[in-house]
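Q: Structure provided below as structure tokens; questions to follow.
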Amino acid sequence: MLSLLEKENVHIKDKEKVKDVVMSFCKGGIKTLQVITDFDMTITRFAYNGEKCPTSYNIIDTSKIISEDCKKKLKELFDFYYPLEVDPKRTIEEKFDLMLAWWNKAHDLLVEQKIKKEEIPQVVKESKVMLRDGYKCFFDTLFNNNIPLFIFSAGIGDVLEEIIRQAGVFHCNVKVVSNYMDFDENGVLQGFKGDVIHTFNKNKGALKNTDHFENIKERTNIILLGDTMGDVSMADGVLHIENILKIGYLNDKVEESRDLYMNGYDVVLEQDETMNFVNTLLQLIIEKN
């Protein structure tokens, strides 16, 4: 583990704290462990061969089931709002309403397209989405050791589930909370279910899923994985936490965002397209069990 902490792309503000948390994980064992993670650009790759990989929204936005006019409008929304989302000079509070507006406008445009539920699997299959290297080891290790995996995503839940289903890793220990499409009796998109989950309101999610966390309250050690500053607060509201290790993927605007991420996450993985760090951590905990 020590060699992993010393890698050039691994940035840690307080190494002693990280070592102490890892030791506590090892002492507690797998029966006290759970994982809370984001999905887009955390479980999925940010880029491949210099080309940015699609998010669960991008998969729909750029597919053949969307009209050219709608694609143009969605691209205009992205070009306007994405720079605001990743702007390290803006506070989360400043970004909150901007992200809500973006999500709502995008949802309205998608509803106008009358997307059919039956089209989703083929759209995912034809997309360029890629899970990070080592994803199968990650999912299978958690499943084989009965470690709960809570995926908390501001993406599209229907697409997210299809991605991991087609990858063969949608195991029974996985719970997903995301933006789910609402289809009418004919399987045509008519809206989205519940309140919008966007990049910077995830801190409210745990409170809405108290039954899930209450059922695993003996799992007081948490590994958290994210790629935005909004993901840092995904476990806020979870009771019975003894130890938490927050691991952040810094994918974009690296130089400008490094200090911000190091203040929010315990471990920052810079332009790392793999699950190697968390997989090594899991193996260490299992071996010490």
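Ligands are numbered from 1 in the order shown, residues from 1 within each chain, and chains are lettered A, B, ... in the order they appear in the structure tokens.
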I want to know what sits within 10 Å of Lys89 in chain A, based on only C-alpha atoms, with residues of the same chain fewer than 3 positions away left out; could you give that as an NGL selection string?
A: :A and (84 or 86 or 92 or 94 or 256-257 or 260)
Q: Write down as a PyMOL selection string the residues belonging to range 96-264 of chain A that are assigned strand (DSSP E) by DSSP computed on the backbone.
A: chain A and resi 149-156+174-179+181-183+189-192+221-226+243-250
Q: With N, CA and C atoms retained, export the selected residues as a tab-separated table (two decimals), in the first residue's frame.
A:
```
chain	number	residue	atom	x	y	z
A	149	LEU	N	-22.38	-1.96	-2.47
A	149	LEU	CA	-21.92	-0.91	-3.37
A	149	LEU	C	-23.11	0.00	-3.68
A	150	PHE	N	-23.01	1.24	-3.24
A	150	PHE	CA	-24.07	2.24	-3.44
A	150	PHE	C	-23.59	3.22	-4.51
A	151	ILE	N	-24.23	3.17	-5.68
A	151	ILE	CA	-23.88	4.08	-6.77
A	151	ILE	C	-24.83	5.26	-6.75
A	152	PHE	N	-24.27	6.44	-6.56
A	152	PHE	CA	-25.05	7.67	-6.43
A	152	PHE	C	-24.70	8.56	-7.61
A	153	SER	N	-25.59	8.62	-8.59
A	153	SER	CA	-25.25	9.26	-9.85
A	153	SER	C	-26.20	10.37	-10.25
A	154	ALA	N	-25.63	11.45	-10.78
A	154	ALA	CA	-26.42	12.53	-11.35
A	154	ALA	C	-26.71	12.28	-12.82
A	155	GLY	N	-26.38	11.09	-13.29
A	155	GLY	CA	-26.64	10.71	-14.67
A	155	GLY	C	-28.05	10.14	-14.84
A	156	ILE	N	-28.21	9.33	-15.88
A	156	ILE	CA	-29.50	8.70	-16.16
A	156	ILE	C	-29.44	7.25	-15.67
A	174	VAL	N	-25.41	-4.35	-5.53
A	174	VAL	CA	-25.36	-2.99	-6.09
A	174	VAL	C	-26.71	-2.30	-5.94
A	175	LYS	N	-26.70	-1.12	-5.35
A	175	LYS	CA	-27.90	-0.27	-5.30
A	175	LYS	C	-27.59	1.02	-6.03
A	176	VAL	N	-28.52	1.44	-6.89
A	176	VAL	CA	-28.31	2.65	-7.69
A	176	VAL	C	-29.36	3.70	-7.33
A	177	VAL	N	-28.90	4.91	-7.08
A	177	VAL	CA	-29.79	6.06	-6.94
A	177	VAL	C	-29.36	7.07	-7.99
A	178	SER	N	-30.31	7.45	-8.86
A	178	SER	CA	-29.97	8.30	-9.99
A	178	SER	C	-31.23	8.95	-10.53
A	179	ASN	N	-31.11	9.61	-11.69
A	179	ASN	CA	-32.27	10.20	-12.37
A	179	ASN	C	-32.87	9.15	-13.30
A	181	MET	N	-35.75	7.64	-15.87
A	181	MET	CA	-36.76	8.02	-16.83
A	181	MET	C	-38.13	7.49	-16.42
A	182	ASP	N	-39.15	8.27	-16.71
A	182	ASP	CA	-40.53	7.86	-16.43
A	182	ASP	C	-41.23	7.61	-17.76
A	183	PHE	N	-41.53	6.34	-18.03
A	183	PHE	CA	-42.15	5.96	-19.30
A	183	PHE	C	-43.65	5.74	-19.12
A	189	LEU	N	-40.98	7.92	-23.21
A	189	LEU	CA	-40.55	8.84	-22.16
A	189	LEU	C	-41.53	10.00	-22.00
A	190	GLN	N	-41.99	10.20	-20.76
A	190	GLN	CA	-42.91	11.30	-20.47
A	190	GLN	C	-42.38	12.24	-19.40
A	191	GLY	N	-41.22	11.92	-18.85
A	191	GLY	CA	-40.63	12.76	-17.81
A	191	GLY	C	-39.56	12.00	-17.06
A	192	PHE	N	-39.14	12.58	-15.94
A	192	PHE	CA	-38.17	11.92	-15.07
A	192	PHE	C	-38.76	11.80	-13.67
A	221	ASN	N	-17.35	1.61	8.12
A	221	ASN	CA	-16.18	2.06	7.37
A	221	ASN	C	-16.57	2.25	5.91
A	222	ILE	N	-16.29	3.44	5.36
A	222	ILE	CA	-16.74	3.79	4.01
A	222	ILE	C	-15.58	4.19	3.11
A	223	ILE	N	-15.56	3.56	1.93
A	223	ILE	CA	-14.69	4.04	0.84
A	223	ILE	C	-15.59	4.84	-0.09
A	224	LEU	N	-15.26	6.11	-0.32
A	224	LEU	CA	-16.03	6.98	-1.19
A	224	LEU	C	-15.22	7.32	-2.43
A	225	LEU	N	-15.85	7.19	-3.59
A	225	LEU	CA	-15.19	7.49	-4.86
A	225	LEU	C	-15.98	8.53	-5.64
A	226	GLY	N	-15.29	9.56	-6.14
A	226	GLY	CA	-15.97	10.59	-6.91
A	226	GLY	C	-15.02	11.28	-7.87
A	243	ASN	N	-15.05	5.47	10.08
A	243	ASN	CA	-13.92	5.87	9.23
A	243	ASN	C	-14.39	6.03	7.79
A	244	ILE	N	-13.90	7.05	7.12
A	244	ILE	CA	-14.22	7.24	5.71
A	244	ILE	C	-12.97	7.69	4.97
A	245	LEU	N	-12.75	7.09	3.80
A	245	LEU	CA	-11.64	7.48	2.94
A	245	LEU	C	-12.23	7.97	1.64
A	246	LYS	N	-11.98	9.25	1.34
A	246	LYS	CA	-12.54	9.87	0.14
A	246	LYS	C	-11.47	9.91	-0.95
A	247	ILE	N	-11.76	9.21	-2.05
A	247	ILE	CA	-10.83	9.09	-3.16
A	247	ILE	C	-11.42	9.82	-4.37
A	248	GLY	N	-10.68	10.80	-4.90
A	248	GLY	CA	-11.20	11.61	-5.99
A	248	GLY	C	-10.39	11.48	-7.26
A	249	TYR	N	-11.10	11.30	-8.36
A	249	TYR	CA	-10.46	11.30	-9.68
A	249	TYR	C	-10.44	12.73	-10.21
A	250	LEU	N	-9.27	13.26	-10.43
A	250	LEU	CA	-9.12	14.60	-11.00
A	250	LEU	C	-8.85	14.43	-12.49
```
Q: Using only C-alpha atoms, determine which residues lie at most 7 Å from Glu273 in chain A, disregarding the query and same-chain residues fewer than 3 positions distant; provide the list as JSON, numbers by chain.
A: {"A": [45, 132, 133]}
Q: For a test of reading the model, state the distance in Å between CA of Asp97 in chain A and CA of Tyr81 in chain A, rounded to one decimal.
A: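 Calculated distance between CA of Asp97 in chain A and CA of Tyr81 in chain A is 11.0 Å.
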Q: Have a look at A:Asp272, A:Asp236, A:Asp211, A:Asp184 and name the one nearest to Met41 in chain A; count only C-alpha atoms.
A: A:Asp272
Q: Need to verify the contact set: Thr220 in chain A, 6 Å, only C-alpha atoms, exclusion of same-chain residues closer than 5 positions in sequence. Can you return it as a ChimeraX atom specification?
A: /A:32,240-242
Q: Name the closest residue to Gly134 in chain A among the candidates A:Gly187, A:Thr55, A:Asp252, A:Phe277; distances are taken between atoms, counting only C-alpha atoms.
A: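 Smallest separation from Gly134 in chain A among the options: A:Phe277.
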